[in-house]
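File shown: start32.txt. Contents: compact mmCIF, N, CA and C atoms.
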```
# COMPACT_ATOMS: atom_id res chain seq x y z
N MET A 1 10.12 -9.60 -15.91
CA MET A 1 9.25 -9.71 -14.76
C MET A 1 8.20 -10.77 -15.04
N THR A 2 8.10 -11.73 -14.14
CA THR A 2 7.12 -12.80 -14.31
C THR A 2 5.86 -12.55 -13.49
N LEU A 3 5.83 -11.48 -12.74
CA LEU A 3 4.69 -11.16 -11.89
C LEU A 3 3.50 -10.74 -12.75
N PRO A 4 2.35 -11.47 -12.65
CA PRO A 4 1.17 -11.03 -13.39
C PRO A 4 0.60 -9.76 -12.75
N LEU A 5 0.63 -8.68 -13.48
CA LEU A 5 0.26 -7.37 -12.95
C LEU A 5 -0.94 -6.82 -13.70
N GLN A 6 -1.90 -6.29 -12.96
CA GLN A 6 -3.08 -5.68 -13.54
C GLN A 6 -3.21 -4.29 -12.94
N ILE A 7 -3.34 -3.28 -13.79
CA ILE A 7 -3.41 -1.90 -13.33
C ILE A 7 -4.73 -1.30 -13.78
N SER A 8 -5.47 -0.69 -12.84
CA SER A 8 -6.75 -0.06 -13.14
C SER A 8 -6.69 1.41 -12.78
N PHE A 9 -7.24 2.24 -13.66
CA PHE A 9 -7.37 3.67 -13.40
C PHE A 9 -8.85 3.98 -13.28
N ARG A 10 -9.24 4.65 -12.20
CA ARG A 10 -10.65 4.98 -12.00
C ARG A 10 -10.79 6.49 -11.86
N ASN A 11 -11.73 7.04 -12.61
CA ASN A 11 -12.04 8.48 -12.61
C ASN A 11 -10.85 9.32 -13.03
N MET A 12 -9.97 8.77 -13.80
CA MET A 12 -8.83 9.52 -14.31
C MET A 12 -8.37 8.87 -15.61
N ARG A 13 -7.60 9.61 -16.37
CA ARG A 13 -7.11 9.10 -17.65
C ARG A 13 -5.93 8.16 -17.45
N HIS A 14 -5.82 7.22 -18.36
CA HIS A 14 -4.69 6.29 -18.35
C HIS A 14 -3.42 7.06 -18.68
N SER A 15 -2.34 6.76 -17.97
CA SER A 15 -1.08 7.44 -18.19
C SER A 15 0.03 6.39 -18.32
N ALA A 16 0.78 6.48 -19.39
CA ALA A 16 1.88 5.54 -19.61
C ALA A 16 2.98 5.75 -18.57
N GLU A 17 3.21 7.00 -18.16
CA GLU A 17 4.23 7.29 -17.13
C GLU A 17 3.89 6.60 -15.82
N VAL A 18 2.63 6.74 -15.41
CA VAL A 18 2.19 6.15 -14.14
C VAL A 18 2.26 4.63 -14.24
N GLU A 19 1.84 4.08 -15.36
CA GLU A 19 1.88 2.64 -15.55
C GLU A 19 3.32 2.12 -15.49
N ASP A 20 4.25 2.82 -16.10
CA ASP A 20 5.66 2.42 -16.04
C ASP A 20 6.19 2.48 -14.61
N SER A 21 5.78 3.51 -13.88
CA SER A 21 6.19 3.64 -12.49
C SER A 21 5.67 2.48 -11.64
N VAL A 22 4.41 2.11 -11.85
CA VAL A 22 3.81 0.99 -11.11
C VAL A 22 4.52 -0.30 -11.47
N ARG A 23 4.81 -0.51 -12.74
CA ARG A 23 5.51 -1.74 -13.16
C ARG A 23 6.91 -1.82 -12.54
N ALA A 24 7.61 -0.70 -12.46
CA ALA A 24 8.94 -0.68 -11.86
C ALA A 24 8.87 -1.00 -10.37
N GLU A 25 7.89 -0.42 -9.67
CA GLU A 25 7.73 -0.69 -8.24
C GLU A 25 7.32 -2.15 -8.00
N ALA A 26 6.45 -2.68 -8.85
CA ALA A 26 6.01 -4.06 -8.70
C ALA A 26 7.16 -5.04 -8.96
N ALA A 27 8.05 -4.68 -9.86
CA ALA A 27 9.20 -5.55 -10.13
C ALA A 27 10.09 -5.67 -8.90
N LYS A 28 10.16 -4.61 -8.10
CA LYS A 28 10.97 -4.65 -6.88
C LYS A 28 10.40 -5.64 -5.86
N LEU A 29 9.08 -5.84 -5.88
CA LEU A 29 8.46 -6.77 -4.94
C LEU A 29 8.97 -8.20 -5.14
N GLU A 30 9.30 -8.54 -6.37
CA GLU A 30 9.79 -9.89 -6.66
C GLU A 30 11.16 -10.15 -6.04
N THR A 31 11.89 -9.10 -5.71
CA THR A 31 13.18 -9.33 -5.05
C THR A 31 12.99 -9.79 -3.61
N PHE A 32 11.83 -9.46 -3.01
CA PHE A 32 11.57 -9.86 -1.64
C PHE A 32 11.03 -11.29 -1.56
N TYR A 33 10.20 -11.66 -2.52
CA TYR A 33 9.60 -13.00 -2.53
C TYR A 33 9.24 -13.32 -3.97
N HIS A 34 9.84 -14.36 -4.52
CA HIS A 34 9.70 -14.63 -5.95
C HIS A 34 8.46 -15.43 -6.32
N ARG A 35 7.65 -15.86 -5.35
CA ARG A 35 6.48 -16.68 -5.67
C ARG A 35 5.17 -15.90 -5.56
N ILE A 36 5.18 -14.63 -5.88
CA ILE A 36 3.96 -13.84 -5.88
C ILE A 36 3.09 -14.31 -7.03
N ILE A 37 1.84 -14.65 -6.72
CA ILE A 37 0.94 -15.22 -7.72
C ILE A 37 0.31 -14.13 -8.58
N GLY A 38 -0.08 -13.01 -7.98
CA GLY A 38 -0.73 -11.95 -8.74
C GLY A 38 -0.69 -10.63 -8.01
N CYS A 39 -0.85 -9.56 -8.78
CA CYS A 39 -0.83 -8.22 -8.21
C CYS A 39 -1.83 -7.36 -8.99
N HIS A 40 -2.75 -6.74 -8.27
CA HIS A 40 -3.71 -5.82 -8.89
C HIS A 40 -3.55 -4.46 -8.22
N VAL A 41 -3.32 -3.43 -9.02
CA VAL A 41 -3.14 -2.07 -8.52
C VAL A 41 -4.27 -1.21 -9.05
N ALA A 42 -5.00 -0.55 -8.15
CA ALA A 42 -6.08 0.36 -8.54
C ALA A 42 -5.70 1.77 -8.10
N ILE A 43 -5.69 2.69 -9.05
CA ILE A 43 -5.38 4.09 -8.79
C ILE A 43 -6.65 4.88 -9.05
N GLU A 44 -7.06 5.66 -8.05
CA GLU A 44 -8.38 6.29 -8.16
C GLU A 44 -8.33 7.74 -7.70
N LEU A 45 -9.03 8.56 -8.42
CA LEU A 45 -9.32 9.93 -8.03
C LEU A 45 -10.78 9.90 -7.61
N PRO A 46 -11.10 9.87 -6.30
CA PRO A 46 -12.43 9.50 -5.84
C PRO A 46 -13.57 10.39 -6.32
N HIS A 47 -13.48 11.68 -6.19
CA HIS A 47 -14.54 12.59 -6.61
C HIS A 47 -13.95 13.97 -6.80
N ARG A 48 -14.74 14.84 -7.31
CA ARG A 48 -14.24 16.18 -7.59
C ARG A 48 -14.67 17.21 -6.53
N HIS A 49 -15.30 16.77 -5.46
CA HIS A 49 -15.75 17.68 -4.41
C HIS A 49 -14.71 17.74 -3.30
N HIS A 50 -13.70 18.54 -3.48
CA HIS A 50 -12.67 18.69 -2.47
C HIS A 50 -12.29 20.15 -2.37
N LYS A 51 -11.63 20.49 -1.27
CA LYS A 51 -11.28 21.89 -1.06
C LYS A 51 -9.86 22.20 -1.50
N LYS A 52 -8.95 21.25 -1.33
CA LYS A 52 -7.55 21.53 -1.59
C LYS A 52 -6.87 20.26 -2.09
N GLY A 53 -6.07 20.38 -3.11
CA GLY A 53 -5.31 19.23 -3.60
C GLY A 53 -6.19 18.19 -4.26
N LYS A 54 -5.57 17.08 -4.65
CA LYS A 54 -6.30 15.97 -5.23
C LYS A 54 -6.12 14.76 -4.34
N PRO A 55 -7.16 14.36 -3.62
CA PRO A 55 -7.02 13.20 -2.74
C PRO A 55 -6.96 11.92 -3.58
N LEU A 56 -5.81 11.34 -3.68
CA LEU A 56 -5.61 10.16 -4.52
C LEU A 56 -5.66 8.89 -3.68
N HIS A 57 -6.27 7.86 -4.23
CA HIS A 57 -6.34 6.56 -3.56
C HIS A 57 -5.53 5.56 -4.37
N VAL A 58 -4.76 4.74 -3.68
CA VAL A 58 -4.04 3.65 -4.32
C VAL A 58 -4.31 2.40 -3.50
N ARG A 59 -4.68 1.32 -4.18
CA ARG A 59 -4.94 0.05 -3.52
C ARG A 59 -4.14 -1.03 -4.25
N ILE A 60 -3.40 -1.82 -3.48
CA ILE A 60 -2.60 -2.92 -4.03
C ILE A 60 -3.10 -4.22 -3.43
N ASP A 61 -3.52 -5.14 -4.27
CA ASP A 61 -3.94 -6.48 -3.84
C ASP A 61 -2.88 -7.47 -4.32
N LEU A 62 -2.22 -8.10 -3.37
CA LEU A 62 -1.18 -9.09 -3.70
C LEU A 62 -1.68 -10.48 -3.34
N ASN A 63 -1.56 -11.40 -4.26
CA ASN A 63 -1.91 -12.79 -3.99
C ASN A 63 -0.62 -13.58 -3.81
N LEU A 64 -0.48 -14.16 -2.63
CA LEU A 64 0.68 -14.99 -2.30
C LEU A 64 0.18 -16.40 -2.01
N PRO A 65 1.03 -17.39 -2.03
CA PRO A 65 0.58 -18.75 -1.72
C PRO A 65 -0.01 -18.82 -0.30
N GLY A 66 -1.30 -19.02 -0.22
CA GLY A 66 -1.96 -19.15 1.07
C GLY A 66 -2.35 -17.85 1.75
N LYS A 67 -2.15 -16.71 1.10
CA LYS A 67 -2.46 -15.44 1.75
C LYS A 67 -2.71 -14.35 0.71
N GLU A 68 -3.57 -13.41 1.08
CA GLU A 68 -3.78 -12.23 0.25
C GLU A 68 -3.45 -11.01 1.09
N ILE A 69 -2.65 -10.11 0.53
CA ILE A 69 -2.24 -8.90 1.23
C ILE A 69 -2.88 -7.72 0.50
N VAL A 70 -3.51 -6.83 1.27
CA VAL A 70 -4.15 -5.64 0.72
C VAL A 70 -3.51 -4.41 1.36
N ILE A 71 -3.04 -3.50 0.52
CA ILE A 71 -2.46 -2.24 0.96
C ILE A 71 -3.33 -1.13 0.40
N LYS A 72 -3.78 -0.21 1.28
CA LYS A 72 -4.59 0.92 0.83
C LYS A 72 -3.94 2.21 1.28
N ARG A 73 -3.87 3.15 0.41
CA ARG A 73 -3.41 4.49 0.74
C ARG A 73 -4.53 5.44 0.36
N GLU A 74 -5.20 5.99 1.39
CA GLU A 74 -6.32 6.90 1.18
C GLU A 74 -6.09 8.15 2.00
N PRO A 75 -6.62 9.28 1.56
CA PRO A 75 -6.47 10.50 2.34
C PRO A 75 -7.36 10.47 3.57
N VAL A 76 -6.98 11.22 4.58
CA VAL A 76 -7.77 11.33 5.79
C VAL A 76 -8.73 12.50 5.61
N ALA A 77 -9.99 12.32 6.03
CA ALA A 77 -11.01 13.33 5.80
C ALA A 77 -10.77 14.60 6.62
N ASN A 78 -10.57 14.46 7.91
CA ASN A 78 -10.42 15.63 8.79
C ASN A 78 -9.18 15.48 9.64
N ARG A 79 -8.65 16.62 10.08
CA ARG A 79 -7.54 16.53 11.01
C ARG A 79 -8.08 16.48 12.43
N ARG A 80 -7.27 16.00 13.35
CA ARG A 80 -7.67 15.82 14.73
C ARG A 80 -7.81 17.18 15.42
N ILE A 81 -8.87 17.31 16.22
CA ILE A 81 -9.09 18.52 17.00
C ILE A 81 -8.84 18.17 18.46
N SER A 82 -7.97 18.94 19.12
CA SER A 82 -7.66 18.67 20.52
C SER A 82 -8.76 19.22 21.43
N ALA A 83 -8.63 18.99 22.73
CA ALA A 83 -9.66 19.39 23.70
C ALA A 83 -9.84 20.91 23.74
N ASN A 84 -8.76 21.67 23.52
CA ASN A 84 -8.89 23.13 23.58
C ASN A 84 -9.36 23.73 22.26
N GLY A 85 -9.63 22.89 21.27
CA GLY A 85 -10.19 23.36 20.01
C GLY A 85 -9.17 23.64 18.93
N ALA A 86 -7.89 23.56 19.26
CA ALA A 86 -6.85 23.82 18.26
C ALA A 86 -6.52 22.52 17.54
N GLY A 87 -6.27 22.62 16.26
CA GLY A 87 -5.91 21.45 15.48
C GLY A 87 -4.46 21.06 15.70
N SER A 88 -4.18 19.81 15.66
CA SER A 88 -2.82 19.32 15.83
C SER A 88 -2.09 19.45 14.50
N LEU A 89 -1.11 20.33 14.44
CA LEU A 89 -0.41 20.58 13.18
C LEU A 89 0.44 19.41 12.75
N SER A 90 1.12 18.77 13.69
CA SER A 90 1.96 17.65 13.30
C SER A 90 1.11 16.50 12.78
N HIS A 91 -0.05 16.29 13.39
CA HIS A 91 -0.96 15.24 12.92
C HIS A 91 -1.52 15.61 11.55
N ALA A 92 -1.82 16.89 11.35
CA ALA A 92 -2.37 17.33 10.07
C ALA A 92 -1.35 17.15 8.96
N ARG A 93 -0.08 17.42 9.24
CA ARG A 93 0.95 17.22 8.23
C ARG A 93 1.15 15.76 7.92
N ALA A 94 1.12 14.94 8.95
CA ALA A 94 1.38 13.52 8.76
C ALA A 94 0.23 12.84 8.03
N LYS A 95 -0.98 13.34 8.18
CA LYS A 95 -2.15 12.69 7.60
C LYS A 95 -2.79 13.50 6.49
N SER A 96 -2.08 14.46 5.91
CA SER A 96 -2.66 15.26 4.85
C SER A 96 -2.81 14.42 3.59
N PRO A 97 -3.77 14.77 2.73
CA PRO A 97 -3.96 13.99 1.52
C PRO A 97 -2.74 14.07 0.61
N HIS A 98 -2.45 12.95 -0.04
CA HIS A 98 -1.35 12.94 -0.98
C HIS A 98 -1.74 13.73 -2.22
N VAL A 99 -0.82 14.51 -2.72
CA VAL A 99 -1.08 15.30 -3.91
C VAL A 99 -0.28 14.76 -5.09
N ASP A 100 0.90 14.26 -4.83
CA ASP A 100 1.77 13.76 -5.87
C ASP A 100 1.52 12.26 -6.07
N LEU A 101 1.08 11.89 -7.26
CA LEU A 101 0.73 10.50 -7.54
C LEU A 101 1.94 9.58 -7.42
N GLN A 102 3.11 10.02 -7.85
CA GLN A 102 4.31 9.19 -7.75
C GLN A 102 4.64 8.89 -6.29
N LEU A 103 4.44 9.87 -5.42
CA LEU A 103 4.71 9.68 -4.00
C LEU A 103 3.72 8.68 -3.39
N VAL A 104 2.46 8.78 -3.76
CA VAL A 104 1.45 7.86 -3.25
C VAL A 104 1.78 6.43 -3.68
N ILE A 105 2.15 6.25 -4.93
CA ILE A 105 2.48 4.92 -5.44
C ILE A 105 3.71 4.37 -4.73
N HIS A 106 4.72 5.21 -4.56
CA HIS A 106 5.94 4.78 -3.89
C HIS A 106 5.66 4.37 -2.44
N ASP A 107 4.86 5.17 -1.72
CA ASP A 107 4.52 4.85 -0.33
C ASP A 107 3.76 3.54 -0.24
N ALA A 108 2.81 3.34 -1.13
CA ALA A 108 2.01 2.11 -1.11
C ALA A 108 2.89 0.89 -1.38
N PHE A 109 3.77 0.98 -2.35
CA PHE A 109 4.64 -0.17 -2.66
C PHE A 109 5.70 -0.38 -1.58
N LYS A 110 6.08 0.67 -0.90
CA LYS A 110 7.02 0.53 0.21
C LYS A 110 6.37 -0.28 1.33
N ALA A 111 5.11 0.03 1.63
CA ALA A 111 4.37 -0.73 2.64
C ALA A 111 4.15 -2.16 2.19
N ALA A 112 3.85 -2.34 0.91
CA ALA A 112 3.66 -3.69 0.38
C ALA A 112 4.95 -4.50 0.47
N GLY A 113 6.08 -3.86 0.22
CA GLY A 113 7.36 -4.54 0.32
C GLY A 113 7.64 -5.03 1.73
N ARG A 114 7.31 -4.19 2.73
CA ARG A 114 7.49 -4.61 4.13
C ARG A 114 6.61 -5.80 4.46
N ARG A 115 5.37 -5.77 3.99
CA ARG A 115 4.44 -6.88 4.28
C ARG A 115 4.88 -8.16 3.59
N VAL A 116 5.39 -8.05 2.36
CA VAL A 116 5.87 -9.24 1.64
C VAL A 116 7.12 -9.80 2.31
N GLN A 117 8.01 -8.92 2.78
CA GLN A 117 9.19 -9.39 3.51
C GLN A 117 8.81 -10.13 4.78
N ASP A 118 7.83 -9.60 5.52
CA ASP A 118 7.37 -10.29 6.72
C ASP A 118 6.79 -11.65 6.39
N PHE A 119 6.00 -11.73 5.33
CA PHE A 119 5.42 -13.00 4.90
C PHE A 119 6.52 -13.99 4.54
N ALA A 120 7.53 -13.53 3.81
CA ALA A 120 8.63 -14.41 3.38
C ALA A 120 9.42 -14.91 4.59
N ARG A 121 9.66 -14.05 5.58
CA ARG A 121 10.37 -14.48 6.79
C ARG A 121 9.59 -15.56 7.53
N ARG A 122 8.28 -15.36 7.67
CA ARG A 122 7.47 -16.37 8.36
C ARG A 122 7.45 -17.68 7.57
N ARG A 123 7.40 -17.57 6.26
CA ARG A 123 7.35 -18.76 5.40
C ARG A 123 8.66 -19.56 5.48
N ARG A 124 9.79 -18.84 5.58
CA ARG A 124 11.09 -19.51 5.70
C ARG A 124 11.32 -20.09 7.08
N GLY A 125 10.58 -19.61 8.07
CA GLY A 125 10.78 -20.04 9.44
C GLY A 125 11.85 -19.22 10.15
N ALA A 126 12.12 -18.04 9.65
CA ALA A 126 13.15 -17.18 10.23
C ALA A 126 12.62 -16.35 11.40
N VAL A 127 11.35 -16.47 11.71
CA VAL A 127 10.76 -15.73 12.82
C VAL A 127 10.68 -16.66 14.02
N LYS A 128 11.19 -16.19 15.15
CA LYS A 128 11.16 -17.02 16.36
C LYS A 128 9.73 -17.14 16.86
N ARG A 129 9.43 -18.31 17.37
CA ARG A 129 8.12 -18.53 17.97
C ARG A 129 8.31 -18.74 19.45
N HIS A 130 7.41 -18.19 20.21
CA HIS A 130 7.48 -18.34 21.66
C HIS A 130 7.08 -19.74 22.06
N LYS A 131 7.80 -20.28 23.03
CA LYS A 131 7.42 -21.58 23.53
C LYS A 131 6.16 -21.44 24.35
N ALA A 132 5.33 -22.44 24.28
CA ALA A 132 4.09 -22.41 25.06
C ALA A 132 4.44 -22.46 26.55
N ALA A 133 3.74 -21.67 27.32
CA ALA A 133 4.00 -21.63 28.76
C ALA A 133 3.56 -22.95 29.39
N LEU A 134 4.41 -23.45 30.27
CA LEU A 134 4.07 -24.70 30.95
C LEU A 134 3.04 -24.42 32.04
N VAL A 135 2.01 -25.19 32.04
CA VAL A 135 0.94 -24.99 33.00
C VAL A 135 1.10 -26.01 34.12
N LYS A 136 1.16 -25.53 35.36
CA LYS A 136 1.27 -26.42 36.51
C LYS A 136 -0.13 -26.86 36.94
N LEU A 137 -0.25 -28.10 37.22
CA LEU A 137 -1.55 -28.60 37.68
C LEU A 137 -1.54 -28.86 39.15
```
Mind turning this structure into structure tokens?
Amino acid sequence: MTLPLQISFRNMRHSAEVEDSVRAEAAKLETFYHRIIGCHVAIELPHRHHKKGKPLHVRIDLNLPGKEIVIKREPVANRRISANGAGSLSHARAKSPHVDLQLVIHDAFKAAGRRVQDFARRRRGAVKRHKAALVKL
């Protein structure tokens, strides 16, 4: 892997397993676009004042030629309350805090992969551009 990778752990202990997982996911990004200049991954356990689970934060900063892509995966503070006062269960499930660190890392790199693929398509010129509308005078 030629991708310069920097991994930071905040408010938690360094783990070789997690670092290996991040390196494996970052190596997959090079299959989408081989000219990635740099990648910084920050894994954070924000604070210890929570009611349930461990709200984990993952931030990926990718440096590409002419562009910087930032991917953040953070837990949502509250679930949505509808007009009748009942909470939306499907929304609560979809936006619940991540508990499994491997899942959070995988989700973040999956989103980063999509963004890198989009960047590579635009760079190659594979994305159609709309013709400018002709203006009648």
Excluding segment 29-40 of chain A and its own-chain neighbours fewer than 5 positions away, which residues fall within 9 Å of it when counting only C-alpha atoms? Please give them as an MDAnalysis selection string. chainID A and resid 1:8 59:65 109 112:114 116:117 119:120
May I ask for the distance between atom CA of Arg13 of chain A and atom CA of Ile71 of chain A, given in Å to one decimal place? 22.3 Å
What is the atom CA of Glu25 of chain A to atom CA of Arg121 of chain A distance in Å? 20.6 Å
Identify which of the residues A:Ala42, A:Leu103, A:Ser21, A:Val70 lies closest to Val58 of chain A, counting only N, CA and C atoms when measuring atom-to-atom distances. A:Ala42
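When only C-alpha atoms are used to measure the gap to Lys67 of chain A, the shortest distance among A:Lys28, A:Arg129, A:Arg123, A:Lys110 belongs to A:Arg123.
With atom CA of Lys131 of chain A on one side and atom C of Glu68 of chain A on the other, the separation reads 27.1 Å.
Nearest to Leu45 of chain A of all the residues A:Asp100, A:Asp107, A:Asp20, A:Asp118 is A:Asp100, counting only C-alpha atoms.
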Can you sort out the box for segment 106-117 of chain A, edges along x, y and z, all listed atoms in, 8 Å on every side, with centre and edge lengths in Å to one decimal, as JSON?
```
{"center_x": 5.6, "center_y": -2.5, "center_z": 0.1, "size_x": 23.2, "size_y": 31.3, "size_z": 25.3}
```
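Across A:Met12, A:Val18, A:Val104, A:Arg115, the tightest approach to Glu44 of chain A is made by A:Met12 when counting all atoms listed in the file.
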May I ask you to restore N, CA, C and O atoms in segment 5-29 of chain A and write the result as a compact mmCIF listing (two decimals), in the frame of the given file?
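The resulting part25.txt:
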```
# COMPACT_ATOMS: atom_id res chain seq x y z
N LEU A 5 0.63 -8.68 -13.48
CA LEU A 5 0.26 -7.37 -12.95
C LEU A 5 -0.94 -6.82 -13.70
O LEU A 5 -1.00 -6.89 -14.93
N GLN A 6 -1.90 -6.29 -12.96
CA GLN A 6 -3.08 -5.68 -13.54
C GLN A 6 -3.21 -4.29 -12.94
O GLN A 6 -3.20 -4.13 -11.71
N ILE A 7 -3.34 -3.28 -13.79
CA ILE A 7 -3.41 -1.90 -13.33
C ILE A 7 -4.73 -1.30 -13.78
O ILE A 7 -5.09 -1.40 -14.95
N SER A 8 -5.47 -0.69 -12.84
CA SER A 8 -6.75 -0.06 -13.14
C SER A 8 -6.69 1.41 -12.78
O SER A 8 -6.18 1.78 -11.73
N PHE A 9 -7.24 2.24 -13.66
CA PHE A 9 -7.37 3.67 -13.40
C PHE A 9 -8.85 3.98 -13.28
O PHE A 9 -9.62 3.61 -14.16
N ARG A 10 -9.24 4.65 -12.20
CA ARG A 10 -10.65 4.98 -12.00
C ARG A 10 -10.79 6.49 -11.86
O ARG A 10 -10.08 7.12 -11.10
N ASN A 11 -11.73 7.04 -12.61
CA ASN A 11 -12.04 8.48 -12.61
C ASN A 11 -10.85 9.32 -13.03
O ASN A 11 -10.73 10.48 -12.62
N MET A 12 -9.97 8.77 -13.80
CA MET A 12 -8.83 9.52 -14.31
C MET A 12 -8.37 8.87 -15.61
O MET A 12 -8.70 7.73 -15.91
N ARG A 13 -7.60 9.61 -16.37
CA ARG A 13 -7.11 9.10 -17.65
C ARG A 13 -5.93 8.16 -17.45
O ARG A 13 -5.13 8.32 -16.52
N HIS A 14 -5.82 7.22 -18.36
CA HIS A 14 -4.69 6.29 -18.35
C HIS A 14 -3.42 7.06 -18.68
O HIS A 14 -3.40 7.91 -19.57
N SER A 15 -2.34 6.76 -17.97
CA SER A 15 -1.08 7.44 -18.19
C SER A 15 0.03 6.39 -18.32
O SER A 15 0.18 5.53 -17.45
N ALA A 16 0.78 6.48 -19.39
CA ALA A 16 1.88 5.54 -19.61
C ALA A 16 2.98 5.75 -18.57
O ALA A 16 3.61 4.78 -18.13
N GLU A 17 3.21 7.00 -18.16
CA GLU A 17 4.23 7.29 -17.13
C GLU A 17 3.89 6.60 -15.82
O GLU A 17 4.73 5.98 -15.19
N VAL A 18 2.63 6.74 -15.41
CA VAL A 18 2.19 6.15 -14.14
C VAL A 18 2.26 4.63 -14.24
O VAL A 18 2.71 3.95 -13.31
N GLU A 19 1.84 4.08 -15.36
CA GLU A 19 1.88 2.64 -15.55
C GLU A 19 3.32 2.12 -15.49
O GLU A 19 3.59 1.08 -14.86
N ASP A 20 4.25 2.82 -16.10
CA ASP A 20 5.66 2.42 -16.04
C ASP A 20 6.19 2.48 -14.61
O ASP A 20 6.95 1.61 -14.18
N SER A 21 5.78 3.51 -13.88
CA SER A 21 6.19 3.64 -12.49
C SER A 21 5.67 2.48 -11.64
O SER A 21 6.39 1.91 -10.83
N VAL A 22 4.41 2.11 -11.85
CA VAL A 22 3.81 0.99 -11.11
C VAL A 22 4.52 -0.30 -11.47
O VAL A 22 4.83 -1.12 -10.60
N ARG A 23 4.81 -0.51 -12.74
CA ARG A 23 5.51 -1.74 -13.16
C ARG A 23 6.91 -1.82 -12.54
O ARG A 23 7.35 -2.89 -12.12
N ALA A 24 7.61 -0.70 -12.46
CA ALA A 24 8.94 -0.68 -11.86
C ALA A 24 8.87 -1.00 -10.37
O ALA A 24 9.68 -1.79 -9.85
N GLU A 25 7.89 -0.42 -9.67
CA GLU A 25 7.73 -0.69 -8.24
C GLU A 25 7.32 -2.15 -8.00
O GLU A 25 7.78 -2.78 -7.05
N ALA A 26 6.45 -2.68 -8.85
CA ALA A 26 6.01 -4.06 -8.70
C ALA A 26 7.16 -5.04 -8.96
O ALA A 26 7.23 -6.10 -8.32
N ALA A 27 8.05 -4.68 -9.86
CA ALA A 27 9.20 -5.55 -10.13
C ALA A 27 10.09 -5.67 -8.90
O ALA A 27 10.70 -6.71 -8.66
N LYS A 28 10.16 -4.61 -8.10
CA LYS A 28 10.97 -4.65 -6.88
C LYS A 28 10.40 -5.64 -5.86
O LYS A 28 11.15 -6.20 -5.06
N LEU A 29 9.08 -5.84 -5.88
CA LEU A 29 8.46 -6.77 -4.94
C LEU A 29 8.97 -8.20 -5.14
O LEU A 29 9.06 -8.97 -4.19
```
